[in-house]
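Contents: one structure, followed by commentary.
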Amino acid sequence: MKRTQRLLSTVLLTVVILLTAACSSSVHSVKQLDESSARDLIKDRLTKDPYKIHADNISKLLGRTLKDYKSSPAGNEQEAIVKRLLDKAFVIQTTETVSYPKSSGTFISQNQYVGYWTIYDLEMRPNSNVLTGDSYRTGSLEGLAKPASPWWVEGSVEPDGSLRLNTSGSHEEAAYVEEGPAAYIDFRGGSSYGRYKGSATRKRVDVKVYTYSWSPDVLQKRLTRTGDAIYVIGGDFEVGNVSRLRLVTDTVASAEFAWKASLNDVGQIFFPIRPPDGTGEALFGKKPDGTWFVDQLSVNH
């Protein structure tokens, strides 16, 4: 008798477990396809696909820069997002002080080219390693009269004196070198090839440099890639009304549906005012046993 009771208890327990598993399992197919069951199928399918936010424009702002996103006013929406990510520690900021040679002054080519000397007038922007200025040619070094429309110059200097200069669209590599009271810009090629002489500043400029990176939590759990594109997992999909449900063939049906993003804490940083929404299209297939399932799904933003 006791053995029979134990056996019956085991059978009942097994049935309860199977029923519980069946009740908790996802809806993969249904016998009757209508707007309500189609919505359940779509919801079930979208549980496998979190709402992803394209983050390439944010990742491009990370790395090494002179900009303090924490305290500087945001210049655009992407910078505002970085600031909010910093406030929530989803992006990490580290700082260091870097010393650059002050490579300002007037530099004159050591040789003439078709009867002209080439002049570079350069100035470092305050608290940065950025160089701006202009360049021009002159037939006489007396007075160094600058023409009305010189070539514009912008670029940067590195701690070792390496220069990257853009002279009216022509990109050139050079080096700033001090030798006693003189300073030289040595161009490594391009139209300004050669040595240009100026006066040594004998100074260095200390600049605070900021490095930004995704936090380890975001890197491990919140970032995903599709090809070369970077996405942040920003939440889940909420499925709204299903409309335009119709048969395409006896075994194929289609429908449209509305959706809205249910944002997580990271997604709310990207969309602080209102969550994104849109529409989608679903294509249903019919199995040999007569049940319907989601065959294809597309979401329009």
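Residues are named by chain letter and number: chains run A, B, ... in the order of the structure tokens, numbers start at 1 in each chain, and ligands are numbered from 1 in the order shown.
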
Going by DSSP on the backbone, which bits of stretch 43-143 of chain A are alpha helix (DSSP H)? Write them as JSON, numbers by chain, please. {"A": [43, 44, 45, 46, 56, 57, 58, 59, 77, 78, 79, 80, 81, 82, 83, 84, 85, 86, 87]}

Atoms kept (C-alpha atoms) for selection, written as a compact mmCIF listing (two decimals), in the first residue's frame:
```
# COMPACT_ATOMS: atom_id res chain seq x y z
CA LYS A 43 5.83 38.91 -28.55
CA ASP A 44 7.33 35.46 -28.12
CA ARG A 45 9.65 35.94 -31.09
CA LEU A 46 10.79 39.38 -29.95
CA ASP A 56 28.78 54.12 -33.51
CA ASN A 57 28.49 57.91 -33.13
CA ILE A 58 29.03 57.59 -29.38
CA SER A 59 31.96 55.18 -29.67
CA GLU A 77 23.28 65.58 -28.82
CA GLN A 78 26.01 62.91 -29.03
CA GLU A 79 28.17 64.80 -26.53
CA ALA A 80 25.13 65.23 -24.28
CA ILE A 81 24.62 61.46 -24.33
CA VAL A 82 28.29 60.89 -23.40
CA LYS A 83 27.87 63.29 -20.47
CA ARG A 84 24.80 61.40 -19.23
CA LEU A 85 26.64 58.08 -19.66
CA LEU A 86 29.47 59.49 -17.56
CA ASP A 87 27.06 60.63 -14.85
```

Long-range neighbours of stretch 264-267 of chain A as a ChimeraX atom specification, 12 Å cut-off, only C-alpha atoms, 6 positions minimum in chain: /A:50-55,81-82,84-91,214-215,217-218,221-223,231-237,273-276

Requested write-out: N, CA and C atoms of the selected residues, as a CSV table (one decimal), in the first residue's frame:
```csv
chain,number,residue,atom,x,y,z
A,50,PRO,N,16.5,41.7,-28.2
A,50,PRO,CA,16.4,42.9,-27.4
A,50,PRO,C,16.4,44.1,-28.3
A,51,TYR,N,15.9,45.2,-27.7
A,51,TYR,CA,16.0,46.5,-28.5
A,51,TYR,C,17.4,47.0,-28.5
A,52,LYS,N,18.0,47.2,-29.6
A,52,LYS,CA,19.4,47.6,-29.8
A,52,LYS,C,19.4,49.1,-30.3
A,53,ILE,N,20.3,49.9,-29.7
A,53,ILE,CA,20.5,51.3,-30.1
A,53,ILE,C,21.9,51.4,-30.8
A,54,HIS,N,21.8,51.9,-32.0
A,54,HIS,CA,23.1,52.2,-32.8
A,54,HIS,C,24.0,53.1,-32.0
A,55,ALA,N,25.2,52.7,-31.7
A,55,ALA,CA,26.1,53.5,-30.9
A,55,ALA,C,27.4,53.9,-31.5
A,81,ILE,N,24.8,62.9,-24.7
A,81,ILE,CA,24.6,61.5,-24.3
A,81,ILE,C,25.8,61.0,-23.6
A,82,VAL,N,27.1,61.3,-24.1
A,82,VAL,CA,28.3,60.9,-23.4
A,82,VAL,C,28.3,61.4,-22.0
A,84,ARG,N,25.7,62.2,-20.1
A,84,ARG,CA,24.8,61.4,-19.2
A,84,ARG,C,25.3,60.0,-18.9
A,85,LEU,N,26.0,59.4,-19.9
A,85,LEU,CA,26.6,58.1,-19.7
A,85,LEU,C,27.7,58.2,-18.6
A,86,LEU,N,28.5,59.3,-18.6
A,86,LEU,CA,29.5,59.5,-17.6
A,86,LEU,C,28.8,59.7,-16.2
A,87,ASP,N,27.7,60.4,-16.1
A,87,ASP,CA,27.1,60.6,-14.9
A,87,ASP,C,26.6,59.3,-14.2
A,88,LYS,N,26.2,58.4,-15.1
A,88,LYS,CA,25.7,57.1,-14.6
A,88,LYS,C,26.8,56.0,-14.5
A,89,ALA,N,28.1,56.4,-14.8
A,89,ALA,CA,29.2,55.5,-14.8
A,89,ALA,C,29.2,54.4,-15.8
A,90,PHE,N,28.4,54.6,-16.9
A,90,PHE,CA,28.4,53.6,-18.0
A,90,PHE,C,29.6,53.9,-18.9
A,91,VAL,N,30.1,55.1,-18.9
A,91,VAL,CA,31.4,55.5,-19.5
A,91,VAL,C,32.3,56.0,-18.5
A,214,TRP,N,34.1,52.7,-22.5
A,214,TRP,CA,32.9,52.0,-21.9
A,214,TRP,C,33.3,51.3,-20.6
A,215,SER,N,32.4,51.3,-19.7
A,215,SER,CA,32.6,50.6,-18.4
A,215,SER,C,32.7,49.1,-18.6
A,217,ASP,N,31.1,46.8,-17.2
A,217,ASP,CA,29.7,46.2,-17.2
A,217,ASP,C,29.1,46.4,-18.6
A,218,VAL,N,29.2,47.5,-19.2
A,218,VAL,CA,28.6,47.8,-20.5
A,218,VAL,C,29.3,46.9,-21.6
A,221,LYS,N,28.1,43.2,-20.9
A,221,LYS,CA,26.7,42.8,-21.0
A,221,LYS,C,25.8,43.7,-21.9
A,222,ARG,N,26.3,44.9,-22.2
A,222,ARG,CA,25.4,45.8,-22.9
A,222,ARG,C,25.8,46.1,-24.4
A,223,LEU,N,27.0,45.7,-24.8
A,223,LEU,CA,27.4,46.1,-26.1
A,223,LEU,C,27.4,44.8,-27.0
A,231,TYR,N,26.3,48.3,-31.2
A,231,TYR,CA,25.0,48.6,-30.7
A,231,TYR,C,25.0,48.4,-29.2
A,232,VAL,N,24.2,49.2,-28.5
A,232,VAL,CA,23.9,49.1,-27.1
A,232,VAL,C,22.6,48.4,-26.9
A,233,ILE,N,22.6,47.4,-26.0
A,233,ILE,CA,21.3,46.8,-25.7
A,233,ILE,C,20.5,47.7,-24.8
A,234,GLY,N,19.5,48.3,-25.3
A,234,GLY,CA,18.8,49.4,-24.6
A,234,GLY,C,17.5,49.0,-24.0
A,235,GLY,N,17.1,47.7,-24.1
A,235,GLY,CA,15.8,47.3,-23.5
A,235,GLY,C,15.2,46.2,-24.3
A,236,ASP,N,13.8,46.2,-24.2
A,236,ASP,CA,13.1,45.2,-24.9
A,236,ASP,C,12.0,45.8,-25.8
A,237,PHE,N,11.3,45.0,-26.5
A,237,PHE,CA,10.2,45.5,-27.4
A,237,PHE,C,8.8,45.2,-26.6
A,273,ILE,N,13.5,61.5,-23.1
A,273,ILE,CA,12.2,62.2,-23.1
A,273,ILE,C,11.1,61.2,-23.4
A,274,ARG,N,11.2,60.4,-24.4
A,274,ARG,CA,10.2,59.4,-24.7
A,274,ARG,C,10.8,58.2,-25.4
A,275,PRO,N,10.4,57.0,-25.2
A,275,PRO,CA,11.0,55.8,-25.8
A,275,PRO,C,10.6,55.8,-27.3
A,276,PRO,N,11.5,55.2,-28.1
A,276,PRO,CA,11.2,55.1,-29.5
A,276,PRO,C,10.0,54.1,-29.8
```

Residue neighbourhood stretch 176-187 of chain A, 6 Å, only C-alpha atoms, exclusion window fewer than 3 positions, as JSON, numbers by chain: {"A": [161, 193, 194, 195, 196, 197, 198, 199, 200]}

Excluding same-chain residues fewer than 2 positions from A:Tyr136, what lies within 9 Å of it counting only C-alpha atoms, as a PyMOL selection string? chain A and resi 117-121+134+138+146-147+149-152
